[in-house]
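Shown below: work.cif, with mmCIF, C-alpha atoms and all ligand atoms.
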data_input
loop_
_atom_site.label_atom_id
_atom_site.label_comp_id
_atom_site.auth_asym_id
_atom_site.auth_seq_id
_atom_site.Cartn_x
_atom_site.Cartn_y
_atom_site.Cartn_z
CA MET Y 253 76.85 -5.49 -10.35
CA ILE Y 254 80.37 -4.54 -11.43
CA ASP Y 255 81.35 -2.19 -8.66
CA PHE Y 256 84.26 0.25 -9.06
CA ARG Y 257 83.30 2.48 -6.11
CA SER Y 258 85.64 0.93 -3.55
CA ASP Y 259 87.62 -2.17 -2.62
CA THR Y 260 85.44 -2.41 0.50
CA VAL Y 261 82.58 -3.92 -1.52
CA THR Y 262 84.16 -7.38 -1.85
CA LYS Y 263 82.27 -10.38 -0.51
CA PRO Y 264 84.00 -13.22 1.38
CA THR Y 265 85.08 -16.02 -0.98
CA ASN Y 266 83.92 -19.60 -0.47
CA ASP Y 267 87.35 -20.57 0.88
CA MET Y 268 87.18 -17.70 3.33
CA ARG Y 269 83.68 -18.68 4.45
CA ALA Y 270 84.87 -22.26 5.01
CA LYS Y 271 87.63 -20.97 7.33
CA MET Y 272 85.08 -18.85 9.19
CA LEU Y 273 82.75 -21.84 9.60
CA SER Y 274 85.45 -24.05 11.10
CA ALA Y 275 87.13 -21.36 13.27
CA GLN Y 276 87.99 -22.22 16.89
CA VAL Y 277 86.44 -19.54 19.10
CA GLY Y 278 86.33 -18.33 22.70
CA ASP Y 279 85.56 -15.16 24.63
CA ASP Y 280 88.04 -12.60 23.37
CA VAL Y 281 87.32 -10.11 26.16
CA TYR Y 282 88.88 -12.79 28.42
CA GLY Y 283 91.69 -13.16 25.85
CA GLU Y 284 90.43 -16.69 25.16
CA ASP Y 285 89.64 -16.69 21.47
CA PRO Y 286 92.44 -18.76 19.90
CA THR Y 287 91.74 -17.50 16.38
CA VAL Y 288 91.81 -13.83 17.41
CA ASN Y 289 95.03 -14.50 19.36
CA GLU Y 290 96.53 -16.15 16.29
CA LEU Y 291 95.53 -13.25 14.01
CA GLU Y 292 97.01 -10.71 16.42
CA LYS Y 293 100.21 -12.74 16.68
CA VAL Y 294 100.74 -13.24 12.95
CA THR Y 295 99.90 -9.64 12.11
CA ALA Y 296 102.28 -8.23 14.74
CA LYS Y 297 105.01 -10.51 13.41
CA CYS Y 298 104.27 -9.58 9.80
CA MET Y 299 104.52 -5.85 10.70
CA GLY Y 300 107.67 -6.34 12.77
CA LYS Y 301 105.91 -5.03 15.89
CA GLU Y 302 105.71 -6.49 19.41
CA SER Y 303 101.95 -6.64 19.65
CA ALA Y 304 98.65 -6.12 17.82
CA ILE Y 305 94.97 -5.69 18.62
CA PHE Y 306 92.09 -6.78 16.38
CA VAL Y 307 89.34 -4.18 16.08
CA SER Y 308 86.13 -3.67 14.13
CA SER Y 309 87.33 -1.09 11.61
CA GLY Y 310 90.14 1.12 10.40
CA THR Y 311 88.36 4.08 11.95
CA GLN Y 312 88.48 2.39 15.36
CA SER Y 313 92.09 1.35 14.89
CA ASN Y 314 93.19 4.89 14.01
CA LEU Y 315 91.16 6.36 16.87
CA LEU Y 316 92.86 3.96 19.30
CA ALA Y 317 96.24 5.04 17.94
CA LEU Y 318 95.39 8.70 18.53
CA LEU Y 319 94.13 7.92 22.03
CA VAL Y 320 97.30 6.03 23.00
CA HIS Y 321 99.70 8.63 21.62
CA CYS Y 322 97.85 11.78 22.73
CA GLU Y 323 96.12 12.95 25.89
CA ARG Y 324 93.52 15.67 26.39
CA GLY Y 325 94.97 18.96 25.10
CA ASP Y 326 97.55 17.29 22.88
CA GLU Y 327 97.74 17.72 19.13
CA TYR Y 328 98.51 15.58 16.10
CA ILE Y 329 99.63 16.73 12.67
CA VAL Y 330 97.81 15.16 9.74
CA GLY Y 331 96.95 15.68 6.07
CA GLN Y 332 94.07 17.97 5.20
CA GLN Y 333 92.53 15.04 3.29
CA GLY Y 334 93.80 12.51 5.82
CA HIS Y 335 91.30 9.81 6.70
CA THR Y 336 91.82 10.23 10.47
CA TYR Y 337 91.12 13.93 10.17
CA LYS Y 338 88.46 14.23 7.49
CA TYR Y 339 86.62 10.92 7.28
CA GLU Y 340 86.38 9.63 10.84
CA GLY Y 341 83.74 11.91 12.31
CA GLY Y 342 86.28 14.00 14.19
CA GLY Y 343 86.72 11.08 16.63
CA ALA Y 344 90.02 12.37 18.03
CA ALA Y 345 88.30 15.59 19.13
CA VAL Y 346 85.04 13.89 20.13
CA PHE Y 347 86.50 11.12 22.31
CA GLY Y 348 90.04 12.25 23.09
CA SER Y 349 89.91 16.06 23.31
CA ILE Y 350 92.81 15.85 20.87
CA GLN Y 351 93.33 18.77 18.50
CA PRO Y 352 94.14 18.01 14.87
CA GLN Y 353 96.58 20.26 12.98
CA PRO Y 354 95.81 19.53 9.33
CA LEU Y 355 98.30 20.47 6.58
CA ASP Y 356 97.97 20.20 2.80
CA TYR Y 357 99.41 17.07 1.21
CA GLU Y 358 102.08 17.39 -1.44
CA GLY Y 359 101.19 15.93 -4.85
CA ASN Y 360 102.76 12.59 -3.91
CA GLY Y 361 100.79 12.11 -0.67
CA THR Y 362 103.60 13.21 1.66
CA LEU Y 363 103.52 16.09 4.15
CA ASP Y 364 106.31 18.63 3.63
CA LEU Y 365 108.49 18.22 6.72
CA ASN Y 366 109.41 21.92 6.74
CA ALA Y 367 105.71 22.74 6.95
CA VAL Y 368 105.31 20.13 9.69
CA ALA Y 369 108.23 21.73 11.60
CA GLU Y 370 106.53 25.12 11.39
CA ALA Y 371 103.27 23.66 12.65
CA ILE Y 372 104.87 22.19 15.80
CA LYS Y 373 103.79 24.41 18.70
CA PRO Y 374 106.27 25.86 21.19
CA ASP Y 375 106.12 24.57 24.78
CA ASP Y 376 103.94 27.38 26.09
CA PRO Y 377 100.52 27.37 27.84
CA HIS Y 378 99.00 29.17 24.84
CA PHE Y 379 99.33 26.11 22.68
CA ALA Y 380 98.26 22.51 22.45
CA ARG Y 381 101.15 20.07 22.92
CA THR Y 382 102.21 18.63 19.57
CA LYS Y 383 102.74 14.91 20.08
CA LEU Y 384 102.18 12.94 16.91
CA LEU Y 385 102.63 12.93 13.16
CA CYS Y 386 100.16 10.79 11.24
CA LEU Y 387 100.88 9.64 7.67
CA GLU Y 388 98.72 7.62 5.28
CA ASN Y 389 100.03 4.91 2.94
CA THR Y 390 98.76 4.54 0.28
CA GLN Y 391 97.51 8.13 0.08
CA ALA Y 392 94.97 8.54 -2.77
CA GLY Y 393 96.36 5.35 -4.30
CA GLN Y 394 99.99 6.49 -4.10
CA PRO Y 395 102.65 4.61 -2.12
CA LEU Y 396 104.77 7.06 -0.12
CA PRO Y 397 108.44 7.12 -1.24
CA LEU Y 398 110.63 4.96 1.03
CA ASP Y 399 113.31 7.64 1.50
CA TYR Y 400 110.59 10.05 2.66
CA LEU Y 401 109.57 7.56 5.36
CA SER Y 402 113.08 7.39 6.78
CA GLU Y 403 113.31 11.21 6.68
CA ALA Y 404 109.99 11.42 8.53
CA ARG Y 405 111.33 9.01 11.17
CA SER Y 406 114.50 11.06 11.80
CA PHE Y 407 112.38 14.21 11.80
CA CYS Y 408 110.09 12.79 14.49
CA ASN Y 409 113.08 11.67 16.55
CA ARG Y 410 114.57 15.18 16.35
CA HIS Y 411 111.28 16.82 17.32
CA ASN Y 412 110.21 14.29 19.94
CA LEU Y 413 107.06 13.27 18.04
CA SER Y 414 105.56 9.82 17.70
CA LEU Y 415 104.80 8.56 14.20
CA HIS Y 416 101.60 6.69 13.29
CA LEU Y 417 100.79 5.10 9.95
CA ASP Y 418 97.24 4.84 8.69
CA GLY Y 419 98.03 1.82 6.54
CA ALA Y 420 94.50 0.97 5.48
CA ARG Y 421 96.03 -0.06 2.13
CA LEU Y 422 99.55 -0.76 3.37
CA PHE Y 423 99.79 -4.03 1.43
CA ASN Y 424 98.95 -2.25 -1.80
CA ALA Y 425 101.93 0.02 -1.11
CA SER Y 426 104.32 -2.86 -0.36
CA VAL Y 427 103.20 -4.81 -3.43
CA ALA Y 428 103.56 -1.74 -5.68
CA LEU Y 429 107.04 -0.97 -4.32
CA ARG Y 430 107.98 -4.67 -4.33
CA VAL Y 431 109.22 -4.55 -0.75
CA ASP Y 432 108.31 -6.44 2.40
CA VAL Y 433 105.78 -4.47 4.52
CA GLN Y 434 108.41 -4.14 7.24
CA VAL Y 435 110.52 -1.96 4.95
CA ILE Y 436 107.63 0.49 5.37
CA THR Y 437 106.46 -0.24 8.93
CA GLN Y 438 109.95 -0.12 10.53
CA HIS Y 439 109.75 3.68 10.56
CA PHE Y 440 106.48 3.89 12.52
CA ASP Y 441 105.67 3.55 16.21
CA THR Y 442 102.19 2.27 15.44
CA VAL Y 443 100.57 0.95 12.28
CA SER Y 444 96.90 0.49 11.48
CA VAL Y 445 96.08 -1.99 8.73
CA CYS Y 446 92.68 -2.92 7.22
CA LEU Y 447 91.72 -6.47 6.29
CA SER Y 448 88.41 -5.39 4.79
CA LYS Y 449 89.65 -3.45 1.76
CA GLY Y 450 91.84 -4.98 -0.94
CA LEU Y 451 92.38 -8.09 1.19
CA GLY Y 452 88.69 -9.00 1.01
CA ALA Y 453 87.80 -9.81 4.64
CA PRO Y 454 84.25 -8.85 5.68
CA VAL Y 455 85.29 -7.01 8.88
CA GLY Y 456 88.36 -5.96 10.74
CA SER Y 457 91.52 -3.96 11.17
CA LEU Y 458 94.52 -4.25 13.44
CA LEU Y 459 96.57 -1.72 15.35
CA CYS Y 460 100.18 -2.88 15.73
CA GLY Y 461 102.90 -1.45 17.96
CA PRO Y 462 104.82 -1.80 21.24
CA VAL Y 463 103.30 -3.93 24.04
CA ASP Y 464 102.62 -0.97 26.38
CA LEU Y 465 100.74 1.04 23.73
CA ILE Y 466 98.68 -1.94 22.56
CA LYS Y 467 97.76 -2.68 26.18
CA LYS Y 468 96.55 0.91 26.49
CA ALA Y 469 94.63 0.49 23.20
CA ARG Y 470 92.94 -2.64 24.58
CA ARG Y 471 91.55 -0.62 27.46
CA TRP Y 472 90.34 2.16 25.15
CA ARG Y 473 88.79 -0.40 22.77
CA LYS Y 474 86.66 -1.66 25.66
CA VAL Y 475 85.72 1.91 26.63
CA LEU Y 476 84.64 2.58 23.03
CA GLY Y 477 82.39 -0.49 23.11
CA GLY Y 478 84.69 -2.43 20.85
CA GLY Y 479 85.35 -5.48 23.02
CA MET Y 480 84.18 -8.50 21.01
CA ARG Y 481 83.39 -11.99 22.23
CA GLN Y 482 83.63 -14.98 19.82
CA ALA Y 483 85.34 -12.80 17.24
CA GLY Y 484 87.35 -15.76 15.95
CA ILE Y 485 84.59 -16.14 13.35
CA ILE Y 486 85.74 -12.91 11.68
CA ALA Y 487 89.40 -13.22 12.67
CA ALA Y 488 89.51 -16.47 10.66
CA ALA Y 489 88.56 -14.47 7.58
CA GLY Y 490 91.40 -12.07 8.40
CA ILE Y 491 93.98 -14.85 8.67
CA HIS Y 492 92.80 -16.23 5.33
CA ALA Y 493 93.01 -12.75 3.79
CA LEU Y 494 96.62 -12.32 4.94
CA ASP Y 495 97.57 -15.82 3.78
CA CYS Y 496 95.89 -15.79 0.39
CA HIS Y 497 94.99 -12.28 -0.74
CA VAL Y 498 98.18 -10.26 -0.50
CA SER Y 499 100.01 -11.67 -3.50
CA ARG Y 500 96.96 -11.25 -5.74
CA LEU Y 501 96.93 -7.44 -5.19
CA GLU Y 502 99.33 -7.21 -8.13
CA ALA Y 503 96.45 -8.33 -10.37
CA ASP Y 504 94.31 -5.43 -9.10
CA HIS Y 505 97.15 -3.02 -9.83
CA ALA Y 506 97.60 -4.40 -13.35
CA ARG Y 507 93.86 -3.94 -14.02
CA ALA Y 508 94.01 -0.35 -12.76
CA ARG Y 509 96.95 0.32 -15.12
CA LEU Y 510 94.98 -1.24 -17.97
CA ILE Y 511 91.96 1.00 -17.29
CA CYS Y 512 94.29 3.98 -17.18
CA GLU Y 513 95.91 3.09 -20.54
CA LYS Y 514 92.63 2.36 -22.31
CA LEU Y 515 90.91 5.53 -21.11
CA ARG Y 516 93.94 7.66 -22.01
CA SER Y 517 93.94 6.20 -25.50
CA LEU Y 518 90.47 7.72 -26.01
CA ASN Y 519 92.19 11.13 -26.01
CA HIS Y 520 89.05 12.76 -24.66
CA PRO Y 521 89.63 16.51 -24.09
CA GLY Y 522 87.35 16.63 -21.01
CA MET Y 523 89.18 13.88 -19.14
CA GLN Y 524 92.47 13.91 -17.29
CA ILE Y 525 93.61 10.56 -15.94
CA SER Y 526 96.16 10.10 -13.16
CA ASP Y 527 98.81 7.35 -13.13
CA ALA Y 528 97.55 4.14 -11.55
CA GLN Y 529 100.26 3.28 -9.02
CA THR Y 530 98.16 0.77 -7.06
CA ASN Y 531 94.49 -0.21 -7.34
CA MET Y 532 93.04 3.24 -8.01
CA VAL Y 533 92.48 5.36 -11.09
CA PHE Y 534 91.46 9.00 -10.68
CA ILE Y 535 89.73 10.78 -13.55
CA SER Y 536 89.26 14.55 -13.44
CA PHE Y 537 86.44 15.77 -15.67
CA HIS Y 538 85.63 19.14 -17.11
CA ASP Y 539 82.61 19.97 -19.27
CA VAL Y 540 81.42 16.37 -18.95
CA ASP Y 541 78.13 15.34 -17.31
CA VAL Y 542 79.54 12.68 -14.99
CA HIS Y 543 76.18 12.06 -13.31
CA ALA Y 544 74.65 11.17 -16.68
CA ILE Y 545 77.54 8.80 -17.36
CA ALA Y 546 77.10 7.15 -13.95
CA SER Y 547 73.36 6.66 -14.63
CA ARG Y 548 74.02 5.13 -18.04
CA LEU Y 549 76.63 2.81 -16.56
CA LYS Y 550 74.22 1.79 -13.81
CA GLU Y 551 71.75 0.65 -16.46
CA LYS Y 552 74.57 -1.63 -17.65
CA ASP Y 553 75.15 -2.97 -14.11
CA ILE Y 554 78.30 -0.89 -13.54
CA LEU Y 555 78.66 1.27 -10.42
CA ILE Y 556 80.88 4.35 -10.09
CA THR Y 557 80.64 7.31 -7.70
CA PRO Y 558 80.10 10.42 -9.85
CA GLY Y 559 81.94 13.67 -9.10
CA LYS Y 560 84.36 16.15 -10.62
CA ARG Y 561 87.13 13.71 -9.76
CA VAL Y 562 86.04 10.10 -10.07
CA ARG Y 563 87.93 7.35 -8.24
CA LEU Y 564 87.78 3.89 -9.79
CA VAL Y 565 88.98 1.08 -7.52
CA THR Y 566 89.90 -2.44 -8.62
CA HIS Y 567 89.56 -5.39 -6.23
CA LEU Y 568 89.06 -9.09 -5.62
CA ASP Y 569 85.55 -9.17 -7.09
CA LEU Y 570 86.54 -7.70 -10.49
CA ASN Y 571 88.16 -9.73 -13.28
CA ASP Y 572 89.64 -8.96 -16.71
CA GLN Y 573 86.28 -9.29 -18.48
CA ASP Y 574 84.68 -6.82 -16.06
CA VAL Y 575 87.42 -4.33 -16.88
CA GLU Y 576 86.99 -4.82 -20.66
CA TYR Y 577 83.22 -4.47 -20.32
CA PHE Y 578 83.60 -1.33 -18.21
CA VAL Y 579 85.95 0.32 -20.71
CA SER Y 580 83.62 -0.44 -23.60
CA GLU Y 581 80.47 0.78 -21.80
CA PHE Y 582 82.25 3.84 -20.43
CA THR Y 583 83.44 4.75 -23.93
CA LYS Y 584 79.86 4.55 -25.22
CA ALA Y 585 78.52 6.58 -22.28
CA LEU Y 586 81.05 9.36 -22.96
CA ASP Y 587 79.56 10.23 -26.39
C1 LIG Y 601 88.99 3.03 4.71
C2 LIG Y 601 90.05 3.78 5.36
C3 LIG Y 601 90.14 3.86 6.75
C4 LIG Y 601 89.10 3.34 7.71
O1 LIG Y 601 88.58 2.13 7.46
P1 LIG Y 601 87.12 1.65 7.93
O2 LIG Y 601 87.38 0.21 8.16
O3 LIG Y 601 86.21 1.94 6.80
O4 LIG Y 601 86.75 2.36 9.18
C5 LIG Y 601 91.21 4.54 7.28
N1 LIG Y 601 92.13 5.11 6.49
C6 LIG Y 601 92.08 5.06 5.16
C7 LIG Y 601 93.15 5.72 4.37
C8 LIG Y 601 91.04 4.40 4.55
O5 LIG Y 601 90.98 4.37 3.22
#

Please lay out the structure from this file as C-alpha cells.
Ligand SMILES: *Cc1c(COP(=O)(O)O)cnc(C)c1O
Amino acid sequence: MIDFRSDTVTKPTNDMRAKMLSAQVGDDVYGEDPTVNELEKVTAKCMGKESAIFVSSGTQSNLLALLVHCERGDEYIVGQQGHTYKYEGGGAAVFGSIQPQPLDYEGNGTLDLNAVAEAIKPDDPHFARTKLLCLENTQAGQPLPLDYLSEARSFCNRHNLSLHLDGARLFNASVALRVDVQVITQHFDTVSVCLSKGLGAPVGSLLCGPVDLIKKARRWRKVLGGGMRQAGIIAAAGIHALDCHVSRLEADHARARLICEKLRSLNHPGMQISDAQTNMVFISFHDVDVHAIASRLKEKDILITPGKRVRLVTHLDLNDQDVEYFVSEFTKALD
C-alpha cells in the first residue's frame, strides 16, 4: 500500500530494527535503562534544554507539559485546531482540571498576539488563572515564522505566561527554514517532539525543558501509567531516528512540492491546492466526489483520507516512483 494518510504509518527500517535488537536495557522506572538515559540526554542537548523525558506519545508529552505548567483552575491559550485542544481527548480538562481557551489560528498557523492579550483573564475570582500559551510547529504543515516566535516570547514575558511548543513535527520546521532546531526551541519553556512521525520511529515522544519541570513531569508520567521498564528497546529506535532520519526530511518536502506542482498543472476547476512548505499538501475540493476518488485509488493500492479538504503526507516509506504513480492514478480518478 502507498499510504499518503499520515507520516505516522512508517515502519521501522532494517537498520533501526538492528539497533533495537542490540539495545542495552534496564528498568527505566529506576532510571537504569542506559539507552533511555542516552536518548533523553541527546534530545535535551539537541533542543538546548536542561532535561528531557521519554514518553509513549505526543499526546502524553503535551499532557505532561500542561500538567507541569498549570494547576487545577488554571487556563492555557491554544489554537482552535490545536492538537492539544482538539485531538487529545480533552486530557487537560480530564486529568488536570485545566481550562483551555481556544482562539482561531491565523492563516499562517500563528495566534494573533493581540487576540491572545484580550483572552488573558484579569486576576479576579470570577476567572480561571491564565498561565500558558501553547503553539504548534509545524501547524497544518506550515513552519511558524521565526520573528513571530521571538515576539511570542517577549509577549509571554510581559504577561507572565509560560510558553509551550507542540513540536510534533519540529524537525520538519527546522529543515524547511534551514535553521538549527534551537533557533526555534530557544523561545520556549518546554518543547514536545515526536519521534514516530516523519522521523520513522515506531513509538515515542520527548518533553524537554528545565530540570524542575521535567522532574515534575516524571511524577505525572508515573501517575498517568506511563512509567516504562526496559524501554531501551524503543529508545534505541528513537536515537537512530534522530541520527539518521532528520536530514532526509528534505526529500519528503521535495516530494510534497512535486505533488503540489503536478496537481496544480492539471488546472482542475474543482481543486484548490495549498503551498507545500514541509511534508504536507492540502487539497480543497468543491463539486468533486472525493470518496469515489479515494475508493478508486484504494483499488490501485493508494490510501488517502477523503474529505472536503484532503491532506496528503509524504514520509520515509514513500519514494519518487510512488509519487509519480500516485499523480498518474489520481489524475485518472479525477475524470
Ligand atoms: C501527532 C501529533 C501529536 C500527538 O502525537 P501522538 O504521538 O499521535 O499522540 C501532537 N501534536 C501534533 C501537532 C501532532 O500532529

Which chains and residue numbers are within 8 Å of ligand LIG 601 (chain Y), counting only C-alpha atoms and all ligand atoms, if I want them as a list of chain:residue names?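 Written in the requested form, the residues are Y:Thr260, Y:Ser308, Y:Ser309, Y:Gly310, Y:Thr311, Y:Gln312, Y:Ser313, Y:Asn314, Y:Gly334, Y:His335, Y:Thr336, Y:Tyr339, Y:Glu340, Y:Glu388, Y:Asn389, Y:Thr390, Y:Gln391, Y:Ala392, Y:Asp418, Y:Gly419, Y:Ala420, Y:Arg421, Y:Cys446, Y:Ser448, Y:Lys449, Y:Val455, Y:Gly456, Y:Ser457.
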
Would you kindly identify which residues have an atom no farther than 8 Å from (88.5, -2.8, -12.9), using all atoms listed in the file and the file's own coordinates, and write them out as number ranges by chain? Y: 256, 504, 507-508, 511, 564-567, 570-572, 574-575, 578

Using C-alpha atoms, can you export the residues from the last selection as a short mmCIF file (atom, residue, chain, number, x, y, z; two decimals), in the frame of the given file?
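Output below, filename part_14.cif:
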data_model
loop_
_atom_site.label_atom_id
_atom_site.label_comp_id
_atom_site.auth_asym_id
_atom_site.auth_seq_id
_atom_site.Cartn_x
_atom_site.Cartn_y
_atom_site.Cartn_z
CA PHE Y 256 84.26 0.25 -9.06
CA ASP Y 504 94.31 -5.43 -9.10
CA ARG Y 507 93.86 -3.94 -14.02
CA ALA Y 508 94.01 -0.35 -12.76
CA ILE Y 511 91.96 1.00 -17.29
CA LEU Y 564 87.78 3.89 -9.79
CA VAL Y 565 88.98 1.08 -7.52
CA THR Y 566 89.90 -2.44 -8.62
CA HIS Y 567 89.56 -5.39 -6.23
CA LEU Y 570 86.54 -7.70 -10.49
CA ASN Y 571 88.16 -9.73 -13.28
CA ASP Y 572 89.64 -8.96 -16.71
CA ASP Y 574 84.68 -6.82 -16.06
CA VAL Y 575 87.42 -4.33 -16.88
CA PHE Y 578 83.60 -1.33 -18.21
#

For range 518-533 of chain Y, please output as a ChimeraX atom specification all residues within 8 Å (counting only C-alpha atoms; exclusion window: fewer than 2 positions along the same chain). /Y:392-395,424-425,428,501,504-509,511-512,514-516,535-540,563-567,583

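The list of residues with at least one atom within 7 Å of Val288 in chain Y, based on only C-alpha atoms and without residues fewer than 5 positions apart in the same chain, reads Ala483, Gly484 and Ala487 of chain Y.
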
Could you save those same residues with C-alpha atoms as an mmCIF file, in the coordinates of the input?
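Heads up, here's the output in out_0.cif:
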data_model
loop_
_atom_site.group_PDB
_atom_site.id
_atom_site.type_symbol
_atom_site.label_atom_id
_atom_site.label_comp_id
_atom_site.auth_asym_id
_atom_site.auth_seq_id
_atom_site.Cartn_x
_atom_site.Cartn_y
_atom_site.Cartn_z
ATOM 1 C CA ALA Y 483 85.340 -12.800 17.240
ATOM 2 C CA GLY Y 484 87.350 -15.760 15.950
ATOM 3 C CA ALA Y 487 89.400 -13.220 12.670
#

Compile the contact shell of range 353-363 of chain Y as a PyMOL selection string: residues with an atom at most 8 Å away, counting only C-alpha atoms, same-chain residues fewer than 3 positions apart removed. chain Y and resi 327-333+337+367-368+371+387-388+390-392+394-396+400

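From CA of His497 in chain Y back to CA of Leu451 in chain Y, the distance works out to 5.3 Å.
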
Point out the residue among Y:His439, Y:Arg405, Y:His492, Y:Lys584 with the least atom-to-atom distance to Ala544 in chain Y, counting all atoms listed in the file. Y:Lys584

Interatomic distance (Å, one decimal) between CA of Asp541 in chain Y and CA of Asp569 in chain Y: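 CA of Asp569 in chain Y lies at a distance of 27.6 Å from CA of Asp541 in chain Y.
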
Between CA of Ala503 in chain Y and CA of Ile436 in chain Y, what is the distance in Å, rounded to a tenth? 21.2 Å

Which polymer residues, whether protein, DNA or RNA, lie within 9 Å of the coordinate (98.5, 6.8, 26.0) when you count only C-alpha atoms? List them as an MDAnalysis selection string, using the chain letters and numbers from the file. chainID Y and resid 317:323 464:465 468:469

Show me, as a list of chain:residue names, the residues that have an atom within 9 Å of Leu549 in chain Y when counting all atoms listed in the file, minus same-chain residues fewer than 3 positions from it.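 Non-adjacent residues within range: Y:Ala544, Y:Ile545, Y:Ala546, Y:Lys552, Y:Asp553, Y:Ile554, Y:Leu555, Y:Ile556, Y:Phe578, Y:Glu581, Y:Phe582, Y:Ala585.
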
Fewer than 3 positions away in the same chain doesn't count, so skip those; otherwise give me all residues within 10 Å of Ser402 in chain Y, counting all atoms listed in the file, as an MDAnalysis selection string. chainID Y and resid 397:399 405:408 435:436 438:440

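Minimum distance to Ser414 in chain Y across Y:Cys386, Y:Thr437, Y:Cys496, Y:Val427 (counting all atoms listed in the file) occurs at Y:Cys386.
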